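Visitor: I'd like to ask you about the structure that follows.
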Amino acid sequence: MAPSVGIPCSLLYFWFYPFWETFFRELGARVVTSGSTNKQILDLGVKEALADACVPVKLYFGHVQALMPEVDFLFVPRLVCLNYQTTYCPKFLGLPDMIRHTFTGSPPLIDIRIDVREGLHALPKAYWQAGRALGAKHAAVARAYLLAWKAQRRYLTLLQKGLLPGEAAPGKSSPTGKRPPDRRGRLVFGVLGYPYLVHDPYISVGLIARLQKMGVGVITLENIPPRLLYRQPLPLDKRLFWTPGDLVYRAALYLLSSRRVHGLIHVTAFGCGPDAMVGKYLEQALRRHPEVPFLTLTVDEHTGEAGMATRIEAFVDMVRRPKAGW
Amino acid sequence: MPRVTFPHVGESYRAFKMLMEDLGNEVIVPPRPSRRTLDLGVRHAPEFACFPVKILLGTYLETCPQGVELIVTTGGVGPCRAGHYAQLHKKILRSLGYAVDVVVLEPPRLYPLDFLHSVRRLNPHRLSFRAIYECVRRAWRKLQALDNLEKLTHKIRPRELRAGETTRVYRRVLEWVDRAYTMREIVEAERAAAEELQKVPQDPAREVFKVGIVGEVYVLLEPASNLEIEEALGHMGVEVERSIFLTGWTRDNTWAETHEVLTVKDAALPYLPELLGGHGRDSVGNTVIFAKRGFHGVIQLAPFTCIPEIVARTILTRVSRDFGIPVLTFFLDEQTGKAGMITRLEAFVDLMRRRKGP
């Protein structure tokens, strides 16, 4: 029987799922995902993870536990650096070690280390190791790798056309046929934050759906082409060290300077290390743009629906009132 | 003369003050962090920034009204947040209306030109490189003397006959080292101070537990930030060995990694092969080493929300089980109270006593 590979639906799943899913499927493995977050998964994670960890890490622990009894391999990559400049948060760097040393009975981990600074072929080499863990032949890995890239590129194109990760079809490898939203003549908010908070409706308490229901267009980090972000000049002496944090900060500056949004919402997790810095820099950047209202939403495992709804409604009303008729 | 200040890290300010004055700066000595320092820091720092950010900001806010023009601090290249402190502090201080500049000493191995430029800015006397080298050598020796004396107090305090005697003598002899200026004076002051500390009446037969202390560098080095945990442990009859001292840390980050740290890396390898920034891997590696050296327990100190230490803590659970060594973790922030800490420490000491048997 084909070996099954489990992919926890949390953290960078929202960015790289098409790649990972295609890669392992083309290698002949059965890909099992943990599905979207629910209360049970969250409770499992909160029980096993360290109390001081942030909620995304707790969720990841929960997703891993949900998968553990069902799969032969668990895919827990160690993402270090993908753009030659910034690294991921230290928790991503130590993720496989945290999982391995917390769950003694876990299935074997495929914990490839992805750091493009290692050399020209670091990325294919890392995936070659993943393929070898499944016992695949060299040619098969090369084929799967190329097909995975193709799927990922299609996914990124859809995202940049304005679709959100949930709509650009994780779980399905073909586009759903949904058209990008038409934002003309509507209120548009930038919703910035890490994909595992913004696009996980359970932990963000349906933030995006709620905004859309209120008739607000949403631009997220994934909708902005990265090359525009990397061209954005930074008012800092030293660039931020963490890839997602750096992108969020650049995205905010880009949205402000291109005047594309009427309001900005920053979603952050309670106790998030990088966001302590990113949040403060955002606050200072927004001070130079008093015309754009700014809201920081901090989520954790106790976030309640009513409190969240009240804050979002109040914020939307506040932005909408001076623009009567929107 | 430019007015210069720097972070307050334990007793090290005595050496830095001497160095900065030799180079021709007017030094505004940072006060020991207090409740007021914390209040100031907490008011202006981001909520989830780690504890050191808040203490340092508070310290700067106490010294800046005295006309500080330049703040000297260390940098870093990530992924630990410490590398961003300088920039964040500068932005916050500027937004509060203080016209200060920050000189960030980045690791000279990575940014040699930047480092030379920073040194030049701190050198209004325009001393030659050779003269600077002499000044640094003296300051370095003083720093070593301060570290050695502190290590000695860790050994003597758990065995002292009259509680608090060691701390009293230590406070007094620190002033001797502080006043020493030439190389010979520093060596002599250190020797005299060590002798004076040895004279503290001790009970050599007392049962003493050995506890290793690991964790994030600032909360380890600044007693005001860890609520004098080493002193508290000493009074409970525990001899502590701290994994990080300022001299060792500086050496690792400037010219060479010590052999000791190489073994720390190797010790951590089976548990944490990746460098996390900060002292995450060192915490794991040092715990393994303390366990192999037969210590009775390990205490990990970390600021609240410190990312590398959270990863380390998750893995330390396993290390603790594998080596059978108890590990106690304190996540410190402005809410941490001394009474709660003492209770936990007492329970920890009881646990070690029971494990050791009658």
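Each chain in the structure tokens gets a letter, A, B, ..., in the order shown, and its residues are numbered from 1; ligands are numbered from 1 in order too.
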Which residues of chain A come within 8 Å of chain B, and what is each one's closest atom pair and distance in Å (one decimal), counting only C-alpha atoms, sorted by chain and residue number, as a Markdown table?

Guide:
| residue | atom | partner | partner_atom | distance |
| --- | --- | --- | --- | --- |
| A:Ala49 | CA | B:Thr314 | CA | 7.6 |
| A:Leu50 | CA | B:Thr314 | CA | 6.3 |
| A:Asp52 | CA | B:Thr305 | CA | 6.8 |
| A:Ala53 | CA | B:Ile310 | CA | 6.3 |
| A:Thr87 | CA | B:Pro79 | CA | 6.8 |
| A:Tyr88 | CA | B:Pro79 | CA | 7.7 |
| A:Cys89 | CA | B:Pro79 | CA | 6.7 |
| A:Pro90 | CA | B:Leu276 | CA | 5.2 |
| A:Lys91 | CA | B:Val311 | CA | 6.2 |
| A:Leu93 | CA | B:Leu276 | CA | 6.5 |
| A:Gly94 | CA | B:Val311 | CA | 6.3 |
| A:Leu95 | CA | B:Val311 | CA | 7.9 |
| A:Asp97 | CA | B:Leu272 | CA | 6.1 |
| A:Met98 | CA | B:Ile315 | CA | 5.8 |
| A:His101 | CA | B:Arg318 | CA | 5.8 |
| A:Thr102 | CA | B:Thr314 | CA | 7.1 |
| A:Leu236 | CA | B:Gln87 | CA | 7.7 |
| A:Asp237 | CA | B:Gln87 | CA | 6.8 |
| A:Lys238 | CA | B:Gln87 | CA | 7.4 |
| A:Leu240 | CA | B:His84 | CA | 7.7 |
| A:Phe241 | CA | B:Pro79 | CA | 5.7 |
| A:Trp242 | CA | B:Pro79 | CA | 6.8 |
| A:Phe270 | CA | B:Phe48 | CA | 7.9 |
| A:Gly271 | CA | B:Thr305 | CA | 5.5 |
| A:Cys272 | CA | B:Thr305 | CA | 7.0 |
| A:Gly273 | CA | B:Thr305 | CA | 6.0 |
| A:Pro274 | CA | B:Arg81 | CA | 7.1 |
| A:Asp275 | CA | B:Phe48 | CA | 7.9 |
| A:Ala276 | CA | B:Ala49 | CA | 5.1 |
| A:Met277 | CA | B:Ala49 | CA | 7.0 |
| A:Gly279 | CA | B:Pro46 | CA | 7.8 |
| A:Lys280 | CA | B:Pro46 | CA | 6.3 |

Visitor: Extract, using only C-alpha atoms, all DNA, RNA and protein residues at most 6 Å from region 248-265 of chain A, discarding same-chain residues fewer than 2 positions from it, and format them as a PDB file with C-alpha atoms, in the first residue's frame.

Guide:
ATOM      1  CA  VAL A 188     -11.388  48.170   1.019  1.00  0.00           C
ATOM      2  CA  PHE A 189      -9.371  47.081   4.064  1.00  0.00           C
ATOM      3  CA  GLY A 190      -5.900  45.697   4.209  1.00  0.00           C
ATOM      4  CA  VAL A 191      -5.915  42.725   6.563  1.00  0.00           C
ATOM      5  CA  LEU A 229       7.052  44.373  -1.617  1.00  0.00           C
ATOM      6  CA  GLY A 245       7.106  39.869   9.765  1.00  0.00           C
ATOM      7  CA  ASP A 246       9.189  41.654   7.169  1.00  0.00           C
ATOM      8  CA  VAL A 292      -5.917  55.533   7.328  1.00  0.00           C
ATOM      9  CA  PRO A 293      -7.480  54.157  10.518  1.00  0.00           C
ATOM     10  CA  PHE A 294      -5.587  51.269  12.080  1.00  0.00           C
ATOM     11  CA  LEU A 295      -6.794  48.393  14.248  1.00  0.00           C
ATOM     12  CA  THR A 296      -4.704  45.727  15.950  1.00  0.00           C
TER      13      THR A 296
END

Visitor: As a JSON list (two decimals) with N, CA and C atoms, in the first residue's frame, please: the residues near Pro201 (chain B) (cut-off 9 Å, only C-alpha atoms, same-chain neighbours under 2 positions excluded).

Guide:
[["chain", "number", "residue", "atom", "x", "y", "z"],
["B", 159, "ARG", "N", 27.62, 28.54, 51.90],
["B", 159, "ARG", "CA", 28.31, 27.96, 53.06],
["B", 159, "ARG", "C", 28.52, 28.98, 54.18],
["B", 160, "GLU", "N", 28.08, 30.21, 53.98],
["B", 160, "GLU", "CA", 28.36, 31.25, 54.98],
["B", 160, "GLU", "C", 27.64, 30.94, 56.29],
["B", 161, "LEU", "N", 28.24, 31.36, 57.41],
["B", 161, "LEU", "CA", 27.65, 31.09, 58.72],
["B", 161, "LEU", "C", 26.60, 32.12, 59.07],
["B", 162, "ARG", "N", 26.92, 33.40, 58.74],
["B", 162, "ARG", "CA", 25.94, 34.45, 59.03],
["B", 162, "ARG", "C", 25.28, 34.88, 57.74],
["B", 165, "GLU", "N", 26.29, 37.83, 55.00],
["B", 165, "GLU", "CA", 27.66, 38.31, 55.18],
["B", 165, "GLU", "C", 28.39, 38.44, 53.83],
["B", 198, "GLN", "N", 37.14, 35.28, 50.92],
["B", 198, "GLN", "CA", 37.45, 33.98, 51.53],
["B", 198, "GLN", "C", 37.40, 34.03, 53.06],
["B", 199, "LYS", "N", 37.58, 35.25, 53.59],
["B", 199, "LYS", "CA", 37.60, 35.38, 55.05],
["B", 199, "LYS", "C", 36.20, 35.27, 55.66],
["B", 203, "ASP", "N", 30.94, 27.25, 56.75],
["B", 203, "ASP", "CA", 30.74, 25.93, 57.32],
["B", 203, "ASP", "C", 31.04, 24.91, 56.22]]

Visitor: I'd like to know which residues of region 104-226 of chain A are strand (DSSP E) (by DSSP, run on the backbone); could you write them as a list of chain:residue names?

Guide: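 Output for region 104-226 of chain A, strand (DSSP E) only: A:Leu109, A:Ile110, A:Arg113, A:Ile114, A:Asp115, A:Leu187, A:Val188, A:Phe189, A:Gly190, A:Val191, A:Leu192, A:Gly193, A:Val216, A:Gly217, A:Val218, A:Ile219, A:Thr220.
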
Visitor: As a ChimeraX atom specification, please: all residues of region 36-136 of chain A that backbone DSSP puts in helix (DSSP H, G or I).

Guide: /A:39-48,55-70,90-93,95-102,116-118,122-133

Visitor: Store the residues of this selection in a file with N, CA and C atoms, as a compact mmCIF listing (two decimals), in the first residue's frame.

Guide:
# COMPACT_ATOMS: atom_id res chain seq x y z
N LYS A 39 -12.46 22.92 17.62
CA LYS A 39 -12.23 23.05 19.06
C LYS A 39 -11.39 21.89 19.59
N GLN A 40 -11.65 20.71 19.05
CA GLN A 40 -10.95 19.53 19.54
C GLN A 40 -9.44 19.66 19.27
N ILE A 41 -9.11 20.09 18.06
CA ILE A 41 -7.69 20.25 17.70
C ILE A 41 -7.04 21.28 18.60
N LEU A 42 -7.74 22.39 18.81
CA LEU A 42 -7.17 23.44 19.66
C LEU A 42 -6.94 22.92 21.08
N ASP A 43 -7.92 22.18 21.60
CA ASP A 43 -7.78 21.66 22.97
C ASP A 43 -6.60 20.70 23.08
N LEU A 44 -6.45 19.84 22.06
CA LEU A 44 -5.32 18.91 22.06
C LEU A 44 -4.01 19.67 22.13
N GLY A 45 -3.92 20.73 21.30
CA GLY A 45 -2.69 21.50 21.24
C GLY A 45 -2.40 22.22 22.54
N VAL A 46 -3.43 22.83 23.11
CA VAL A 46 -3.24 23.59 24.34
C VAL A 46 -2.76 22.67 25.45
N LYS A 47 -3.23 21.40 25.42
CA LYS A 47 -2.84 20.47 26.46
C LYS A 47 -1.37 20.09 26.36
N GLU A 48 -0.87 19.89 25.16
CA GLU A 48 0.48 19.36 25.00
C GLU A 48 1.55 20.44 24.91
N VAL A 55 -0.30 30.95 20.18
CA VAL A 55 -1.42 30.08 19.82
C VAL A 55 -1.18 29.33 18.50
N PRO A 56 -0.52 29.90 17.47
CA PRO A 56 -0.28 29.11 16.27
C PRO A 56 0.55 27.85 16.54
N VAL A 57 1.53 27.95 17.43
CA VAL A 57 2.34 26.77 17.74
C VAL A 57 1.49 25.74 18.47
N LYS A 58 0.63 26.21 19.38
CA LYS A 58 -0.25 25.28 20.07
C LYS A 58 -1.17 24.57 19.08
N LEU A 59 -1.68 25.36 18.10
CA LEU A 59 -2.54 24.78 17.08
C LEU A 59 -1.79 23.73 16.29
N TYR A 60 -0.54 24.03 15.96
CA TYR A 60 0.25 23.08 15.17
C TYR A 60 0.38 21.77 15.94
N PHE A 61 0.63 21.88 17.23
CA PHE A 61 0.73 20.68 18.07
C PHE A 61 -0.59 19.90 18.00
N GLY A 62 -1.71 20.62 18.01
CA GLY A 62 -3.01 19.98 17.93
C GLY A 62 -3.20 19.25 16.60
N HIS A 63 -2.81 19.93 15.51
CA HIS A 63 -2.95 19.32 14.19
C HIS A 63 -2.07 18.07 14.08
N VAL A 64 -0.88 18.14 14.65
CA VAL A 64 0.02 16.99 14.60
C VAL A 64 -0.61 15.82 15.34
N GLN A 65 -1.22 16.11 16.50
CA GLN A 65 -1.82 15.01 17.26
C GLN A 65 -3.00 14.40 16.53
N ALA A 66 -3.75 15.26 15.81
CA ALA A 66 -4.89 14.74 15.07
C ALA A 66 -4.43 13.80 13.97
N LEU A 67 -3.24 14.04 13.43
CA LEU A 67 -2.75 13.23 12.31
C LEU A 67 -2.03 11.98 12.77
N MET A 68 -1.42 12.05 13.96
CA MET A 68 -0.47 11.01 14.36
C MET A 68 -0.95 9.58 14.19
N PRO A 69 -2.20 9.25 14.62
CA PRO A 69 -2.58 7.84 14.52
C PRO A 69 -2.85 7.39 13.09
N GLU A 70 -2.97 8.34 12.14
CA GLU A 70 -3.46 7.96 10.81
C GLU A 70 -2.38 7.81 9.76
N PRO A 90 12.22 31.86 15.07
CA PRO A 90 12.92 30.74 15.72
C PRO A 90 12.03 29.55 16.02
N LYS A 91 10.74 29.79 16.21
CA LYS A 91 9.86 28.65 16.49
C LYS A 91 9.73 27.76 15.27
N PHE A 92 9.79 28.34 14.05
CA PHE A 92 9.78 27.53 12.84
C PHE A 92 11.09 26.77 12.72
N LEU A 93 12.17 27.41 13.15
CA LEU A 93 13.48 26.79 13.05
C LEU A 93 13.59 25.58 13.97
N LEU A 95 10.91 23.82 14.99
CA LEU A 95 9.63 23.10 14.97
C LEU A 95 9.78 21.57 14.99
N PRO A 96 10.59 20.97 14.08
CA PRO A 96 10.69 19.51 14.11
C PRO A 96 11.21 19.01 15.45
N ASP A 97 12.14 19.75 16.07
CA ASP A 97 12.71 19.31 17.34
C ASP A 97 11.66 19.36 18.44
N MET A 98 10.86 20.44 18.42
CA MET A 98 9.79 20.54 19.43
C MET A 98 8.82 19.37 19.29
N ILE A 99 8.43 19.06 18.04
CA ILE A 99 7.48 17.97 17.82
C ILE A 99 8.10 16.65 18.25
N ARG A 100 9.34 16.42 17.82
CA ARG A 100 9.97 15.13 18.08
C ARG A 100 10.13 14.88 19.58
N HIS A 101 10.50 15.93 20.32
CA HIS A 101 10.78 15.71 21.73
C HIS A 101 9.55 15.85 22.61
N THR A 102 8.43 16.27 22.02
CA THR A 102 7.20 16.31 22.81
C THR A 102 6.43 15.00 22.66
N VAL A 116 17.89 28.32 1.47
CA VAL A 116 18.45 28.54 0.14
C VAL A 116 19.85 29.15 0.19
N ARG A 117 20.25 29.64 1.37
CA ARG A 117 21.60 30.23 1.45
C ARG A 117 22.68 29.17 1.40
N GLU A 118 22.27 27.89 1.49
CA GLU A 118 23.27 26.83 1.48
C GLU A 118 23.92 26.64 0.12
N ALA A 122 19.97 24.26 -3.20
CA ALA A 122 19.55 23.88 -1.84
C ALA A 122 18.10 23.41 -1.82
N LEU A 123 17.24 24.08 -2.59
CA LEU A 123 15.82 23.74 -2.54
C LEU A 123 15.55 22.35 -3.12
N PRO A 124 16.00 22.07 -4.39
CA PRO A 124 15.80 20.72 -4.90
C PRO A 124 16.44 19.66 -4.02
N LYS A 125 17.60 19.98 -3.43
CA LYS A 125 18.28 18.99 -2.59
C LYS A 125 17.43 18.64 -1.38
N ALA A 126 16.83 19.68 -0.79
CA ALA A 126 16.00 19.44 0.39
C ALA A 126 14.85 18.52 0.02
N TYR A 127 14.20 18.79 -1.12
CA TYR A 127 13.06 17.94 -1.50
C TYR A 127 13.52 16.56 -1.95
N TRP A 128 14.75 16.46 -2.46
CA TRP A 128 15.30 15.16 -2.81
C TRP A 128 15.40 14.32 -1.54
N GLN A 129 15.77 14.95 -0.43
CA GLN A 129 15.83 14.20 0.83
C GLN A 129 14.44 13.75 1.26
N ALA A 130 13.46 14.63 1.04
CA ALA A 130 12.09 14.25 1.39
C ALA A 130 11.65 13.05 0.56
N GLY A 131 12.00 13.08 -0.74
CA GLY A 131 11.64 11.98 -1.62
C GLY A 131 12.33 10.70 -1.20
N ARG A 132 13.60 10.81 -0.79
CA ARG A 132 14.35 9.63 -0.39
C ARG A 132 13.74 8.99 0.86
N ALA A 133 13.20 9.85 1.74
CA ALA A 133 12.58 9.30 2.95
C ALA A 133 11.42 8.38 2.59

Visitor: Extract, using only C-alpha atoms, all DNA, RNA and protein residues at most 12 Å from Arg14 (chain B), discarding same-chain residues fewer than 4 positions from it, and format them as a ChimeraX atom specification.

Guide: /B:6-10,18-21,27-31,138-147,174-181,186

Visitor: Which residues, written as a list in words, have at least one atom at most 12 Å from Glu222 (chain B), with only C-alpha atoms counted and residues fewer than 5 positions away on the same chain left out?

Guide: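 Answer for this query is Pro7, His8, Val9, Gly10, Glu11, Ser12, Tyr13, Arg32, Pro33, Ser34, Phe51, Pro52, Ile55, Leu56, Glu216, Val217, Leu227, Glu228, Ile229, Glu230, Ile244, Phe245, Leu246 and Leu301 of chain B.
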
Visitor: In Å, how far is it from CA of Gln284 (chain A) to CA of Glu62 (chain B)?

Guide: 22.9 Å

Visitor: Please report the interatomic distance between CA of Arg227 (chain A) and CA of Glu283 (chain A) in Å with one decimal.

Guide: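 It comes out at 23.9 Å.
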